[in-house]
Amino acid sequence: MAMPSTSSSSRPPILHPASKTPNTPRLLPLVSRAAAPRPLLLSFAPPAPGRGLRTAAAQQPAYENGEEEEEGVEDDEYYSDEEEEEELDVEAMEEEARRAAADLAARLDRELRVDGDVREKRRTMRDKTSTSKHIPDSKLPKVAVIGRPNVGKSALFNRLVGGNRAIVVDEPGVTRDRLYGRSYWGDQEFMVIDTGGVITLSKSQAGVMEELAITTTVGMDGIPMASREAAIARMPSMIEKQAVAAVEEAAVLLFLVDGQAGLVAADIEIADWLRRNFSHKCIILAVNKCESPRKGQMQALEFWSLGFTPLPISAITGTGTGELLDMVCSELKKFEGLEGLDDVEEDENRVPAISIVGRPNVGKSSILNALVGEDRTIVSPVSGTTRDAIDTELTTVDGQKYKLIDTAGIRRRAAVASAGSTTETLSVKRAFSAIRRSDVVALVIEAMACVSEQDYKIAERIEKEGKACVIVVNKWDTIPNKNNESTTHYEQDVREKLRVLDWAPIVYCSAINGNSVEKIISAASLVEKERSRRLGTSILNQVVREAVAFKAPPRTRGGKRGRVYYTTQAAVRPPTFVLFVNDAKLFPEPYRRYMHKQLRSDAGFPGTPIRLLWRSRKRTDRQQRRSNTEARGALVAAS
């Protein structure tokens, strides 16, 4: 059937596969990007010139094979004719689409797996099966692990929470910030807090630097020497401040000492400090590194002088930890007044997680502190201050809960390898694991430094993980003489250098001054909803039908052309779409990119990556269905 002649700039009418009559092109009832509410200082990627359906054909360049697409081609030639439409087995294709999406997710999971992910998944499954999983973390009783550096506090923390959450390295001063983990013993559930080693006043400045493994050179280029020395001088007090905050909010204190090293002056000073300031709390003295139960009793004898009953344990092998947990749970009181929390169980389990990632010294910890309104993490110009992935709960004014994850700075792989630091290697792995377990990733870049190659590497990782993303330009107040034009040029530069995240909104803020940091949460909430949005099948097929009708797939040299039969959304987080075609090889990469752009342009999904899978329908199946139809027709005619 010939279509009416049209000019080169006008759009041919769409033919519905069933009616075969021209239909007036209609706009889809979707929320466009322009209509979406945008917070101030939040920039979405503007539509590229000619990205609408009406102008895409006129401005779409020719394909790589040099073949021009002729106009006036019948719609049923490259979409689906009436006979094929009737033969579609929608249920079978929906099931195949779900399997394809699951296979893709499993393959990406294997490619991007980080050491420790298996243990993290086991811990998550254990939390889901816990009988008290509906209790928020903030309402659980807390148990703090405290002691001098390098006595095994992080190893005991990992043993209690059942995972590999804290970095454990045979060197002092690894842990600096408070690290929280959920644990349970029997029917009692509680939070465990890992703290940094308490440095006593008897240490000299040089001794403190050596004990904490603080350097004044690595990663501190461009920082004046006076600022370096001042930051290093404040580091022990900041670590102790974090430990004191953990002790003050805990109901039970686990005072950990080293059974192999024996009793030292630092243990005596910490015991006196606890007895003098926190005698009203339950203090349990645990003697760590007692792998042998028989020798452990001998090793624990000299710690009786501290005024507490010593309990020999081994955080590595688990010796004595059962008795330790019995003592902890006997001191923890059962919580009351939690009857109304069953109704919010589902909402509590679906608290969106926002990880804050980026290169070192771009202001990630400052952003976290500005969002929560307290000094939750240590902020210092010393490179590598943050080492563990720090989880923090945040409740906004409207009652929405979020989990914020502060991460260590991610340097180039070659720089990490040349440094030879096991701690930094594990910190980078923790940062990648934080990206995996988050829903939204806030990629922080420094305004004056703009975008580097390492930022692009991190952006590629975020896109491969399928996470929603918000680009945060921190230290925006350091840009002199800002105006609308300079902001536009800056955004264009960011879009060009981070082209893999051209769909992510941009937030400009200053964490030190607290300017516009709340816009990060607004943008994260918006993109998280888009990442979980499901598009109706009828609307989705209309979008694909219009895109294909306006720009048909190219023909091969043999005259074959790709045809799209059916499209469905197989998964969310991220949105995954499966297109069933006659032969996936007939759709070259330029046309797949065109379909990807058209789907994002017409269906939205700002701030989240989308995945398109192309599935070929087996010719044997089509022939079998046709033969069955012919056989049924012949049988009816014979009867």
# chains A, B, ... in the order shown; residues from 1 in each chain; ligands from 1
call {"tool": "residues_around", "arguments": {"residues": "stretch 104-106 of chain A", "least_positions_apart": "5", "cutoff": "10 Å", "atoms": "only C-alpha atoms", "output": "count of residues only"}}
result
10
call {"tool": "select_by_dssp", "arguments": {"residues": "stretch 386-594 of chain A", "states": "alpha helix (DSSP H)", "output": "ChimeraX atom specification"}}
result
/A:413-419,422-436,453-465,484-497,518-531,537-550,589-594
call {"tool": "atom_distance", "arguments": {"atom1": "atom CA of A:Ala570", "atom2": "atom CA of A:Ile521"}}
result
28.2 Å
call {"tool": "closest_residue", "arguments": {"among": "A:Glu291, A:Asp455, A:Asp439, A:Asp109", "to": "A:Thr321", "atoms": "only C-alpha atoms"}}
result
A:Glu291
call {"tool": "atom_distance", "arguments": {"atom1": "atom CA of A:Asn481", "atom2": "atom CA of A:Val362"}}
result
21.2 Å
call {"tool": "closest_residue", "arguments": {"among": "A:Ser522, A:Asn484, A:Ser452, A:Gln188", "to": "A:Pro505", "atoms": "only C-alpha atoms"}}
result
A:Ser522
call {"tool": "residues_around", "arguments": {"residues": "A:Ala251", "least_positions_apart": "2", "cutoff": "9 Å", "atoms": "only C-alpha atoms", "output": "VMD selection string"}}
result
chain A and resid 141 to 144 247 to 249 253 281 to 282 331 to 332
call {"tool": "write_last_selection", "arguments": {"atoms": "N, CA, C and O atoms", "output": "mmCIF file, in the first residue's frame"}}
result
data_model
loop_
_atom_site.group_PDB
_atom_site.id
_atom_site.type_symbol
_atom_site.label_atom_id
_atom_site.label_comp_id
_atom_site.auth_asym_id
_atom_site.auth_seq_id
_atom_site.Cartn_x
_atom_site.Cartn_y
_atom_site.Cartn_z
ATOM 1 N N PRO A 141 19.942 -0.682 70.754
ATOM 2 C CA PRO A 141 21.009 -0.373 71.720
ATOM 3 C C PRO A 141 22.371 -0.496 71.057
ATOM 4 O O PRO A 141 22.552 -1.246 70.092
ATOM 5 N N LYS A 142 23.339 0.233 71.580
ATOM 6 C CA LYS A 142 24.660 0.321 70.939
ATOM 7 C C LYS A 142 25.735 -0.215 71.868
ATOM 8 O O LYS A 142 25.700 -0.012 73.087
ATOM 9 N N VAL A 143 26.693 -0.882 71.238
ATOM 10 C CA VAL A 143 27.845 -1.441 71.941
ATOM 11 C C VAL A 143 29.092 -0.891 71.269
ATOM 12 O O VAL A 143 29.302 -1.100 70.066
ATOM 13 N N ALA A 144 29.925 -0.184 72.012
ATOM 14 C CA ALA A 144 31.121 0.448 71.463
ATOM 15 C C ALA A 144 32.354 -0.373 71.812
ATOM 16 O O ALA A 144 32.494 -0.855 72.955
ATOM 17 N N VAL A 247 31.519 6.302 72.689
ATOM 18 C CA VAL A 247 31.381 5.850 74.073
ATOM 19 C C VAL A 247 30.169 6.488 74.731
ATOM 20 O O VAL A 247 29.425 5.847 75.492
ATOM 21 N N GLU A 248 29.928 7.757 74.445
ATOM 22 C CA GLU A 248 28.830 8.470 75.083
ATOM 23 C C GLU A 248 27.462 7.929 74.661
ATOM 24 O O GLU A 248 26.516 7.930 75.451
ATOM 25 N N GLU A 249 27.336 7.480 73.421
ATOM 26 C CA GLU A 249 26.030 7.008 72.956
ATOM 27 C C GLU A 249 25.825 5.516 73.145
ATOM 28 O O GLU A 249 24.737 4.993 72.881
ATOM 29 N N LEU A 253 30.198 -0.921 76.891
ATOM 30 C CA LEU A 253 31.534 -0.610 76.389
ATOM 31 C C LEU A 253 32.390 -1.865 76.435
ATOM 32 O O LEU A 253 32.512 -2.505 77.491
ATOM 33 N N LYS A 281 28.186 3.225 83.131
ATOM 34 C CA LYS A 281 27.946 2.311 82.020
ATOM 35 C C LYS A 281 28.548 0.945 82.311
ATOM 36 O O LYS A 281 29.456 0.806 83.145
ATOM 37 N N CYS A 282 28.040 -0.044 81.587
ATOM 38 C CA CYS A 282 28.585 -1.402 81.708
ATOM 39 C C CYS A 282 29.874 -1.496 80.909
ATOM 40 O O CYS A 282 29.885 -1.230 79.696
ATOM 41 N N GLU A 331 23.375 -7.520 79.615
ATOM 42 C CA GLU A 331 23.359 -6.130 80.052
ATOM 43 C C GLU A 331 22.384 -5.277 79.242
ATOM 44 O O GLU A 331 21.952 -4.227 79.701
ATOM 45 N N LEU A 332 22.092 -5.705 78.046
ATOM 46 C CA LEU A 332 21.181 -4.934 77.200
ATOM 47 C C LEU A 332 19.746 -5.223 77.597
ATOM 48 O O LEU A 332 19.342 -6.378 77.727
#
call {"tool": "atom_distance", "arguments": {"atom1": "atom CA of A:Leu612", "atom2": "atom CA of A:Phe577"}}
result
4.9 Å
call {"tool": "closest_residue", "arguments": {"among": "A:Leu179, A:Ala246, A:Val581, A:Ala414", "to": "A:Val161", "atoms": "only C-alpha atoms"}}
result
A:Leu179
call {"tool": "closest_residue", "arguments": {"among": "A:Asp103, A:Asp267, A:Glu393, A:Glu453", "to": "A:Asp137", "atoms": "only C-alpha atoms"}}
result
A:Glu393
call {"tool": "residues_around", "arguments": {"residues": "A:Leu325", "least_positions_apart": "2", "cutoff": "10 Å", "atoms": "only C-alpha atoms", "output": "PyMOL selection string"}}
result
chain A and resi 160+184-186+188+320-323+327-331
call {"tool": "residues_around", "arguments": {"residues": "A:Cys290", "least_positions_apart": "3", "cutoff": "10 Å", "atoms": "only C-alpha atoms", "output": "ChimeraX atom specification"}}
result
/A:258-260,286-287,293-300,311-320
call {"tool": "closest_residue", "arguments": {"among": "A:Val198, A:Leu256, A:Val494, A:Ala250", "to": "A:Phe278", "atoms": "only C-alpha atoms"}}
result
A:Ala250
call {"tool": "closest_residue", "arguments": {"among": "A:Leu285, A:Val564, A:Ile479, A:Ile354", "to": "A:Gln542", "atoms": "only C-alpha atoms"}}
result
A:Val564
